[in-house]
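Note sheet for the following structure.
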Amino acid sequence: MNKTIRRASVFCLLLVLALLVRATWVQFYDGRALADNKNNRRNVMEQYAYPLGDIIVGGEAVTGSKRTGDGSDLAYKRTYKDGDLYAGVTGFSSQVYGQTQLEGIYQDILDGTDTRLKNPVDAVTGKHTEPGDVVTTIDPSVQKAAYRALGDKKGAAVAIDPKTGKVLGLVSTPSFDPSKISGSDSSTDGKAWTALSKDKDQPTLNRAIKQALPPGSTFKLVVAAAALEDGLYSSVDAKTDSPNPFRLPGTTTDLKNESASAPCEDASIRTALQYSCNNVFGKIAVDLGQDKVRAMAEKFGFNDAEQDMPVRASQSVYPKDMDKAQTGLSGIGQFDVTATPLQMAMVSATIANGGQQASPHMVSQVTDADGNAIKSFADGDDTRVVSSSTASQLQSAMETVVEQGTGTNAQIAGATVGGKTGTAQHGENNSKTPYAWFTSYAKDDSTGKEVAVAVVVEQSDAARSEVSGNGLAAPIAKAMMSAALKG
């Protein structure tokens with residue numbers, strides 16, 4: 001063989017090898033990438049080729065599937081029962097816009113592609129597997145009570161079982177009906193999506209877990225816990241060293257109280273919670289120092305960037321690197337302190353549960369098509385946050401708030417209720433309508449059944465002078481607690 005032919009042969013062989021390598025790469029790497037690409041129409045066609053599994057609330061499905069019947073290559077689309085009511089729990093599953101919340105987290109279970117659903121024969125043959133279901137902890141009566149009570153207000157509410165961590169209610173308003181964006185008809189679903197996207201009230205934002213706002217005076221519970229645990233004050237009834245007004249260190253700004261006549265000078269923690277005395281908690285925060293307050297806040301769940309239930313909640317923040325004046329403001333839940341309603345419900349639930357925090361979760365089981373549990377989520381998983389003595393004292397003080405303080409609108413006949421109001425400043429120099437907060441717990445005096453809640457009203461039709469935790473948020477909390485205790 002002459003040199004020219006030999007070189008040509010080698011070159012051709014290299015070309016063949018290159019083609020084989022490229023073919024292998026495309027088949028096993030690029031092919032997988034293409035298959036997993038979110039823009040691959042075949043994936044969507046496969047996902048909606050069969051009915052999806054369901055999300056269960058109170059033993060009944062709040063989701064469904066129906067044939068599209070419009071000549072589309074997508075055979076089924078998602079439907080929702082009482083979509084506006086449960087949107088904060090389910091999220092949406094859309095043929096065009098993807099999935100959110102439980103629909104997104106458990107997509108593989110709900111469309112039958114999770115390998116845990118497949119038997120050996122299905123795994124080998126590639127046969128379609130019947131989808132599974134997601135069983136939630138939501139109590140329909142609590143959910144409905146919260147939704148009705150919030151009404152046309154912009155806000156959110158969360159209810160938790162203090163002992164188990166089960167989320168009994170989770171509502172965000174204004175809400176939306178996921179059914180309106182579940183299909184692919186641009187003339188209807190597209191218009192609905194555009195309207196939702198442009199709505200300044202952001203109906204698709206889950207305010208209960210995805211929006212952290214200044215918690216205002218509800219954060220005083222965390223500061224009180226820090227003071228008692230540190231030993232700064234021996235009990236909730238010990239006299240504090242709290243001038244009224246309290247001048248923020250290094251400034252000419254006085255931290256005043258909502259009511260000039262309230263007995264806030266050197267008030268005990270009980271009295272300071274009862275009348276929501278800013279001077280007391282601003283001074284306590286400065287005396288403790290930001291590090292001790294932050295340590296307590298983090299025990300309750302603040303600054304946790306991975307708070308999953310199983311939907312990941314936005315981080316509630318207690319800031320760092322503050323000066324003393326800023327630390328004083330943080331003591332009343334202002335400056336850069338933020339919290340979600342979920343977080344503030346966790347604070348009350350922990351206090352109600354004797355100082356132990358049960359991890360919040362809103363899914364109890366994931367099942368196969370026959371109802372057999374693939375995975376169960378255990379209740380409890382308690383973490384000690386404060387001592388039982390501190391929790392008991394805070395319970396007593398919170399009950400004083402409801403019995404004869406700023407939270408009287410949360411009283412429930414036949415139940416022991418403890419709570420804390422909050423009115424958080426909003427906007428530069430408090431130029432915008434304040435946020436109204438209320439966090440509380442209730443225990444049925446006869447059955448011992450318990451619930452903890454947090455409510456925030458971001459905006460309502462009430463006049464600015466009428467915005468208060470007791471006036472706007474406490475009645476919503478009362479409705480939720482009443483429903484939970486009766487359930």
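Chain labels follow the order of the structure tokens: the first chain is A, the next B, and so on; residue numbering restarts at 1 in every chain, and ligands are counted from 1 in their shown order.
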
All helix (DSSP H, G or I) residues (DSSP, backbone) inside range 106-153 of chain A, as a list in words: Gln107, Asp108, Ile109, Leu110, Asp111, Thr115, Arg116, Leu117, Pro120, Val121, Asp122, Ala123, Val124, Thr125, Pro140, Ser141, Val142, Gln143, Lys144, Ala145, Ala146, Tyr147, Arg148, Ala149 and Leu150 of chain A

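Using only C-alpha atoms, the protein and nucleic acid residues lying no more than 6 Å from Leu342 in chain A, apart from those fewer than 2 places from it along its own chain, are Val158, Ile209, Thr340, Met344 and Ala345 of chain A.
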
Two-atom distance - CA of Thr253 in chain A, CA of Gly231 in chain A (Å): 28.2 Å

All strand (DSSP E) residues (DSSP, backbone) inside range 311-465 of chain A, as a PyMOL selection string: chain A and resi 356-357+363-367+373-376+383-384+415-426+432-444+450-459

Shell of 10 Å around range 316-322 of chain A, only C-alpha atoms, local chain residues under 2 positions omitted, as JSON, numbers by chain: {"A": [209, 210, 211, 212, 213, 214, 215, 289, 290, 291, 293, 294, 295, 296, 297, 298, 301, 302, 303, 304, 305, 307, 313, 314, 324, 325, 326, 327, 328, 329, 330, 333, 334, 335, 336, 337, 338, 339, 340, 341, 342, 343, 344]}

What would the file look like if the residues just selected were written as a JSON list (two decimals), in the first residue's frame with C-alpha atoms?
[["chain", "number", "residue", "atom", "x", "y", "z"],
["A", 209, "ILE", "CA", -44.76, 31.96, 53.23],
["A", 210, "LYS", "CA", -43.14, 33.93, 50.41],
["A", 211, "GLN", "CA", -43.32, 37.51, 51.67],
["A", 212, "ALA", "CA", -41.42, 38.66, 54.76],
["A", 213, "LEU", "CA", -42.57, 41.99, 56.20],
["A", 214, "PRO", "CA", -41.65, 43.98, 59.32],
["A", 215, "PRO", "CA", -43.42, 42.09, 62.15],
["A", 289, "GLY", "CA", -27.24, 43.55, 72.57],
["A", 290, "GLN", "CA", -27.96, 42.47, 69.04],
["A", 291, "ASP", "CA", -26.04, 39.18, 69.28],
["A", 293, "VAL", "CA", -31.44, 38.93, 70.44],
["A", 294, "ARG", "CA", -30.30, 37.42, 67.14],
["A", 295, "ALA", "CA", -29.40, 34.14, 68.81],
["A", 296, "MET", "CA", -32.90, 33.88, 70.24],
["A", 297, "ALA", "CA", -34.51, 34.90, 66.95],
["A", 298, "GLU", "CA", -32.54, 32.19, 65.15],
["A", 301, "GLY", "CA", -36.38, 30.11, 62.96],
["A", 302, "PHE", "CA", -35.20, 33.52, 61.79],
["A", 303, "ASN", "CA", -32.26, 33.66, 59.34],
["A", 304, "ASP", "CA", -33.02, 30.12, 58.15],
["A", 305, "ALA", "CA", -32.60, 30.12, 54.37],
["A", 307, "GLN", "CA", -37.16, 26.54, 55.87],
["A", 313, "ALA", "CA", -40.54, 29.70, 52.75],
["A", 314, "SER", "CA", -38.81, 33.03, 52.29],
["A", 324, "LYS", "CA", -27.29, 50.59, 69.27],
["A", 325, "ALA", "CA", -30.06, 52.80, 67.94],
["A", 326, "GLN", "CA", -30.84, 50.30, 65.20],
["A", 327, "THR", "CA", -30.73, 47.49, 67.75],
["A", 328, "GLY", "CA", -33.30, 49.40, 69.80],
["A", 329, "LEU", "CA", -35.59, 49.65, 66.76],
["A", 330, "SER", "CA", -35.11, 45.94, 66.08],
["A", 333, "GLY", "CA", -39.77, 44.52, 65.12],
["A", 334, "GLN", "CA", -38.69, 47.46, 62.99],
["A", 335, "PHE", "CA", -35.48, 48.59, 61.24],
["A", 336, "ASP", "CA", -34.53, 45.62, 58.99],
["A", 337, "VAL", "CA", -36.35, 42.87, 60.92],
["A", 338, "THR", "CA", -38.72, 40.92, 58.65],
["A", 339, "ALA", "CA", -40.91, 37.87, 59.15],
["A", 340, "THR", "CA", -43.37, 35.74, 57.23],
["A", 341, "PRO", "CA", -46.74, 34.85, 58.77],
["A", 342, "LEU", "CA", -45.45, 31.26, 58.93],
["A", 343, "GLN", "CA", -42.53, 32.40, 61.08],
["A", 344, "MET", "CA", -44.70, 34.36, 63.52]]

Pick from A:Ala145, A:Ala262, A:Ala238, A:Ala378, whichever lies nearest to Pro475 in chain A using only C-alpha atoms: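 Using only C-alpha atoms, the shortest distance to Pro475 in chain A belongs to A:Ala145.
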
Nearest candidate to Leu102 in chain A (options A:Lys478, A:Arg312, A:Lys375, A:Lys166; using only C-alpha atoms): A:Arg312

Polymer residues at most 10 Å from Ala358 in chain A, only C-alpha atoms, same-chain spacing of 3 or more positions, as a VMD selection string: chain A and resid 160 to 166 346 349 to 350 353 355 361 379 to 384
